[in-house]
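Q: What follows is the file entry_24.txt, containing compact mmCIF, C-alpha atoms:
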# COMPACT_ATOMS: atom_id res chain seq x y z
CA MET A 1 128.54 76.97 91.17
CA THR A 2 126.30 75.48 88.53
CA PRO A 3 122.56 76.22 88.51
CA LEU A 4 121.90 72.58 89.41
CA LEU A 5 123.73 72.76 92.74
CA PHE A 6 122.40 76.25 93.47
CA GLY A 7 118.85 75.10 92.82
CA ALA A 8 119.32 72.10 95.08
CA ILE A 9 120.69 74.32 97.84
CA VAL A 10 117.80 76.77 97.57
CA PHE A 11 115.30 73.89 97.50
CA ALA A 12 116.82 72.31 100.63
CA GLN A 13 116.80 75.63 102.46
CA ALA A 14 113.20 76.30 101.48
CA CYS A 15 112.23 72.84 102.74
CA PHE A 16 114.05 73.42 106.03
CA ALA A 17 112.37 76.81 106.46
CA LEU A 18 108.94 75.36 105.71
CA SER A 19 109.52 72.51 108.13
CA MET A 20 110.62 74.97 110.80
CA GLY A 21 107.39 76.88 110.22
CA LEU A 22 105.35 73.71 110.62
CA ALA A 23 107.21 72.86 113.83
CA LEU A 24 106.50 76.40 115.00
CA VAL A 25 102.80 75.73 114.44
CA ARG A 26 103.09 72.69 116.70
CA LEU A 27 105.07 74.72 119.23
CA LEU A 28 102.37 77.38 119.43
CA ARG A 29 99.44 74.97 119.31
CA GLY A 30 100.83 71.98 121.23
CA PRO A 31 98.39 70.72 123.82
CA SER A 32 101.04 69.63 126.31
CA ALA A 33 104.41 71.01 127.36
CA GLN A 34 106.37 68.06 126.00
CA ASP A 35 104.93 68.73 122.54
CA ARG A 36 106.48 72.16 122.69
CA VAL A 37 109.82 70.75 123.83
CA LEU A 38 109.76 68.27 120.94
CA ALA A 39 108.95 71.01 118.42
CA MET A 40 111.72 73.23 119.82
CA ASP A 41 114.18 70.35 119.51
CA LEU A 42 113.16 69.82 115.89
CA ILE A 43 113.58 73.54 115.18
CA CYS A 44 117.09 73.46 116.69
CA THR A 45 118.08 70.49 114.54
CA LEU A 46 116.69 72.11 111.40
CA ALA A 47 118.56 75.33 112.18
CA MET A 48 121.72 73.25 112.48
CA LEU A 49 121.06 71.62 109.10
CA MET A 50 120.37 75.06 107.63
CA MET A 51 123.79 76.20 108.89
CA MET A 52 125.48 73.26 107.18
CA VAL A 53 123.72 74.02 103.89
CA LEU A 54 124.84 77.64 104.26
CA ALA A 55 128.39 76.36 104.65
CA ILE A 56 128.09 74.64 101.29
CA ARG A 57 126.43 77.68 99.73
CA TYR A 58 129.07 80.20 100.78
CA ARG A 59 131.98 77.72 100.77
CA SER A 60 132.99 78.71 104.27
CA SER A 61 133.83 76.37 107.13
CA MET A 62 132.94 79.01 109.72
CA TYR A 63 129.38 77.72 109.68
CA PHE A 64 130.40 74.36 111.11
CA GLU A 65 131.24 75.92 114.45
CA ALA A 66 127.85 77.61 114.49
CA ALA A 67 126.17 74.31 113.64
CA LEU A 68 128.00 72.51 116.43
CA LEU A 69 127.09 75.24 118.92
CA ILE A 70 123.42 75.08 117.92
CA ALA A 71 123.50 71.29 118.30
CA VAL A 72 125.09 71.46 121.75
CA PHE A 73 122.78 74.12 123.11
CA GLY A 74 119.72 72.55 121.57
CA PHE A 75 120.50 69.25 123.25
CA ILE A 76 121.20 70.89 126.60
CA GLY A 77 117.99 72.90 126.44
CA SER A 78 115.80 69.99 125.43
CA ALA A 79 117.30 67.59 127.96
CA ALA A 80 117.01 70.13 130.79
CA MET A 81 113.43 70.97 129.86
CA ALA A 82 112.42 67.29 129.63
CA LYS A 83 114.12 66.55 132.95
CA PHE A 84 112.31 69.45 134.54
CA LEU A 85 108.97 68.21 133.24
CA LEU A 86 109.82 64.71 134.44
CA ARG A 87 110.79 65.45 138.02
CA GLY A 88 110.19 69.10 138.73
CA GLU A 89 113.90 69.83 139.05
CA VAL A 90 116.73 69.72 136.57
CA ILE A 91 119.52 68.28 138.73
CA GLU A 92 118.74 65.85 141.50
CA MET B 1 140.12 74.95 92.94
CA SER B 2 137.78 77.73 93.99
CA GLY B 3 136.10 77.71 90.60
CA ASN B 4 133.65 75.17 89.32
CA LEU B 5 133.70 71.59 90.47
CA ALA B 6 133.32 68.62 88.18
CA TRP B 7 129.76 67.84 87.27
CA TRP B 8 130.00 64.30 88.64
CA ILE B 9 130.77 65.83 92.06
CA GLU B 10 127.91 68.30 91.99
CA ILE B 11 125.24 65.78 91.00
CA PRO B 12 125.48 63.61 94.16
CA VAL B 13 125.76 66.72 96.33
CA ALA B 14 122.62 68.18 94.78
CA LEU B 15 120.83 64.84 95.05
CA LEU B 16 121.69 64.49 98.75
CA LEU B 17 120.58 68.05 99.46
CA VAL B 18 117.22 67.55 97.73
CA LEU B 19 116.73 64.28 99.60
CA SER B 20 117.49 65.92 102.95
CA GLY B 21 115.03 68.71 102.19
CA LEU B 22 112.30 66.19 101.43
CA PHE B 23 112.99 64.28 104.65
CA ALA B 24 112.90 67.48 106.69
CA LEU B 25 109.62 68.48 105.06
CA ALA B 26 108.15 65.07 105.89
CA ALA B 27 109.25 65.54 109.50
CA GLY B 28 107.56 68.94 109.73
CA VAL B 29 104.32 67.73 108.18
CA GLY B 30 104.26 64.70 110.47
CA VAL B 31 104.81 66.77 113.58
CA VAL B 32 101.83 68.92 112.72
CA ARG B 33 99.45 66.26 111.47
CA PHE B 34 99.83 63.31 113.83
CA GLN B 35 97.29 63.00 116.60
CA SER B 36 98.89 61.76 119.81
CA PHE B 37 102.23 62.61 121.34
CA PHE B 38 103.68 59.13 120.92
CA GLN B 39 102.93 59.30 117.20
CA ARG B 40 104.40 62.78 117.03
CA MET B 41 107.68 61.55 118.49
CA HIS B 42 108.46 59.59 115.32
CA PRO B 43 108.63 62.16 112.48
CA PRO B 44 111.47 64.25 113.99
CA ALA B 45 113.58 61.09 113.82
CA LEU B 46 113.49 61.53 110.04
CA ALA B 47 115.15 64.92 110.43
CA TYR B 48 117.58 63.64 113.07
CA SER B 49 118.75 60.65 111.08
CA PHE B 50 118.11 60.84 107.34
CA ALA B 51 118.20 64.59 106.77
CA ALA B 52 121.25 65.08 108.97
CA TRP B 53 123.07 62.16 107.32
CA CYS B 54 122.31 63.47 103.84
CA VAL B 55 123.50 67.00 104.62
CA THR B 56 126.63 65.67 106.32
CA LEU B 57 127.52 63.39 103.42
CA ALA B 58 126.85 66.22 100.96
CA SER B 59 129.14 68.61 102.81
CA ILE B 60 131.84 65.93 103.15
CA VAL B 61 131.76 65.22 99.42
CA TYR B 62 131.65 68.91 98.50
CA PHE B 63 134.46 70.11 100.74
CA SER B 64 136.61 67.07 100.00
CA ALA B 65 136.34 67.78 96.29
CA GLN B 66 136.89 71.49 96.78
CA ASP B 67 139.97 71.27 98.99
CA ASP B 68 141.44 68.14 97.35
CA LYS B 69 141.68 66.43 100.72
CA LEU B 70 139.36 64.54 102.99
CA ALA B 71 137.25 67.05 104.94
CA LEU B 72 135.75 65.09 107.80
CA ARG B 73 134.92 67.99 110.10
CA SER B 74 131.19 67.72 109.59
CA TRP B 75 131.37 64.09 110.67
CA LEU B 76 131.53 65.51 114.21
CA ILE B 77 127.99 66.76 113.87
CA ILE B 78 126.50 63.43 112.92
CA VAL B 79 128.43 61.67 115.69
CA PHE B 80 127.23 64.21 118.23
CA LEU B 81 123.66 64.02 116.98
CA SER B 82 123.59 60.22 117.13
CA LEU B 83 124.80 60.41 120.74
CA THR B 84 122.38 63.05 121.98
CA VAL B 85 119.14 62.34 120.14
CA PRO B 86 118.32 59.04 121.94
CA VAL B 87 118.81 60.75 125.30
CA THR B 88 116.33 63.49 124.43
CA THR B 89 113.89 61.00 122.95
CA ILE B 90 113.90 58.72 126.00
CA LEU B 91 113.56 61.67 128.37
CA LEU B 92 110.58 63.01 126.42
CA ALA B 93 108.88 59.60 126.24
CA ARG B 94 109.31 59.09 129.98
CA THR B 95 108.02 62.61 130.58
CA GLU B 96 104.86 61.86 128.62
CA LEU B 97 104.37 58.56 130.44
CA PHE B 98 104.91 60.15 133.84
CA ARG B 99 102.67 63.13 133.24
CA ARG B 100 99.83 61.09 131.79
CA ARG B 101 100.11 58.61 134.65
CA THR B 102 99.91 61.33 137.27
CA ALA B 103 97.12 63.14 135.42
CA SER B 104 94.95 60.01 135.32
CA GLY B 105 95.78 59.10 138.94
CA GLY B 106 97.16 55.68 137.99
CA ARG B 107 93.80 54.51 136.67
CA GLY B 108 94.17 55.52 133.03
CA GLU B 109 95.26 53.45 130.06
CA ILE B 110 98.91 54.04 130.91
CA PRO B 111 100.43 50.97 132.61
CA PRO B 112 101.97 51.49 136.07
CA THR B 113 105.68 51.96 136.56
CA LEU B 114 107.90 48.90 136.57
CA ASN B 115 110.43 49.72 139.30
CA HIS B 116 108.57 48.62 142.41
CA GLU B 117 111.60 48.95 144.66
CA SER B 118 112.11 52.63 144.04
CA ALA B 119 108.39 53.28 144.03
CA ALA B 120 108.30 53.35 147.83
CA PRO B 121 109.64 56.90 148.33
CA ALA B 122 108.08 58.10 145.11
CA PRO B 123 104.31 58.11 145.92
CA ALA B 124 104.44 61.45 147.72
CA PRO B 125 103.96 63.54 144.54
CA ALA B 126 101.58 60.95 143.14
CA ASP B 127 99.30 61.30 146.19
CA ASP B 128 99.11 65.03 145.61
CA ALA B 129 97.91 64.43 142.08
CA ARG B 130 95.09 62.22 143.31
Would you mind writing the file's structure down as structure tokens?
A:
Amino acid sequence: MTPLLFGAIVFAQACFALSMGLALVRLLRGPSAQDRVLAMDLICTLAMLMMMVLAIRYRSSMYFEAALLIAVFGFIGSAAMAKFLLRGEVIE
Amino acid sequence: MSGNLAWWIEIPVALLLVLSGLFALAAGVGVVRFQSFFQRMHPPALAYSFAAWCVTLASIVYFSAQDDKLALRSWLIIVFLSLTVPVTTILLARTELFRRRTASGGRGEIPPTLNHESAAPAPAPADDAR
């Protein structure tokens, strides 16, 4: 792996980590509950992107399964939480 | 082929990764700095669309060049994301509308709901809020 690609990978991961930290600030500070749900959804998506960059970094396709699992559970969690805030119950 | 790739493969991969990092950073900054919730709903779309597309294209190019065959596994992720993100977004927008409407008792700046037919059994929780 050339230093160019390695530098790009490290830069992308640093950006994802910084963005996750900023979303964490919104999650802790958010005035309403749906702000926190939105920030948690963004953190899940960024964790998924981080997994895919790790797959490129370590040249392993095992990370794709982890990324898909994070995507699925992030969507289920966010949708259930938003539905709960909307109606007071998840399944109606 | 586990050694070094050609330089004309690594340059677009590196470019796409840098671009996705910048988009994700813009999403994080926007989520923190915007004022109202409806403004804050927009910056994560940068991460959901542009950053995810860039990372997916980078991994497709990289693994296709590494394995000498088309590696379209990571396409699943972008398909799944483009199916699920609008659902979450619409649910969150309706949640914000509903909660602000009930908090202001129907007299705020939020317009009333449009479905008048189904509004007949609904006012029971709204009356509690008033």
Q: Define the interface residues of chain A facing chain B as those within 6 Å, counting all atoms listed in the file, and report them as a list of chain:residue names.
A: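 Only these qualify: A:Met1, A:Leu5, A:Ala8, A:Ala12, A:Cys15, A:Ser19, A:Leu22, A:Ala23, A:Arg26, A:Ala79, A:Ala82, A:Leu86.
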Q: May I ask which of the residues A:Val53, A:Arg59, A:Asp41, A:Leu85 is the closest one to Ala71 in chain A, counting only C-alpha atoms?
A: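 Among the listed residues, the smallest separation from Ala71 in chain A belongs to A:Asp41.
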Q: Taking the point (117.7, 74.7, 111.4) as given in the file, collect each protein or nucleic acid residue that comes within 10 Å of it, counting all atoms listed in the file, and present the set as an mmCIF file with C-alpha atoms, in the frame of the given file.
A:
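New file out_22.cif:
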data_model
loop_
_atom_site.group_PDB
_atom_site.id
_atom_site.type_symbol
_atom_site.label_atom_id
_atom_site.label_comp_id
_atom_site.auth_asym_id
_atom_site.auth_seq_id
_atom_site.Cartn_x
_atom_site.Cartn_y
_atom_site.Cartn_z
ATOM 1 C CA GLN A 13 116.800 75.630 102.460
ATOM 2 C CA PHE A 16 114.050 73.420 106.030
ATOM 3 C CA ALA A 17 112.370 76.810 106.460
ATOM 4 C CA SER A 19 109.520 72.510 108.130
ATOM 5 C CA MET A 20 110.620 74.970 110.800
ATOM 6 C CA ASP A 41 114.180 70.350 119.510
ATOM 7 C CA LEU A 42 113.160 69.820 115.890
ATOM 8 C CA ILE A 43 113.580 73.540 115.180
ATOM 9 C CA CYS A 44 117.090 73.460 116.690
ATOM 10 C CA THR A 45 118.080 70.490 114.540
ATOM 11 C CA LEU A 46 116.690 72.110 111.400
ATOM 12 C CA ALA A 47 118.560 75.330 112.180
ATOM 13 C CA MET A 48 121.720 73.250 112.480
ATOM 14 C CA LEU A 49 121.060 71.620 109.100
ATOM 15 C CA MET A 50 120.370 75.060 107.630
ATOM 16 C CA MET A 51 123.790 76.200 108.890
ATOM 17 C CA MET A 52 125.480 73.260 107.180
ATOM 18 C CA VAL A 53 123.720 74.020 103.890
ATOM 19 C CA ALA A 67 126.170 74.310 113.640
ATOM 20 C CA ILE A 70 123.420 75.080 117.920
ATOM 21 C CA ALA A 71 123.500 71.290 118.300
ATOM 22 C CA ALA B 24 112.900 67.480 106.690
#
Q: What is the CA of Ala103 in chain B-CA of Arg29 in chain A distance in Å, reported with one decimal?
A: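 A separation of 20.1 Å between them.
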Q: Let me make sure I understand: among A:Val90, A:Leu27, A:Met40, A:Leu54, which one has the smallest atom-to-atom distance to Phe73 in chain A if we use all atoms listed in the file?
A: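 Closest to Phe73 in chain A of all the choices is A:Met40.
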Q: So how many Å separate CA of Lys83 in chain A and CA of Val37 in chain A, to one decimal?
A: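 Between CA of Lys83 in chain A and CA of Val37 in chain A the gap works out to 10.9 Å.
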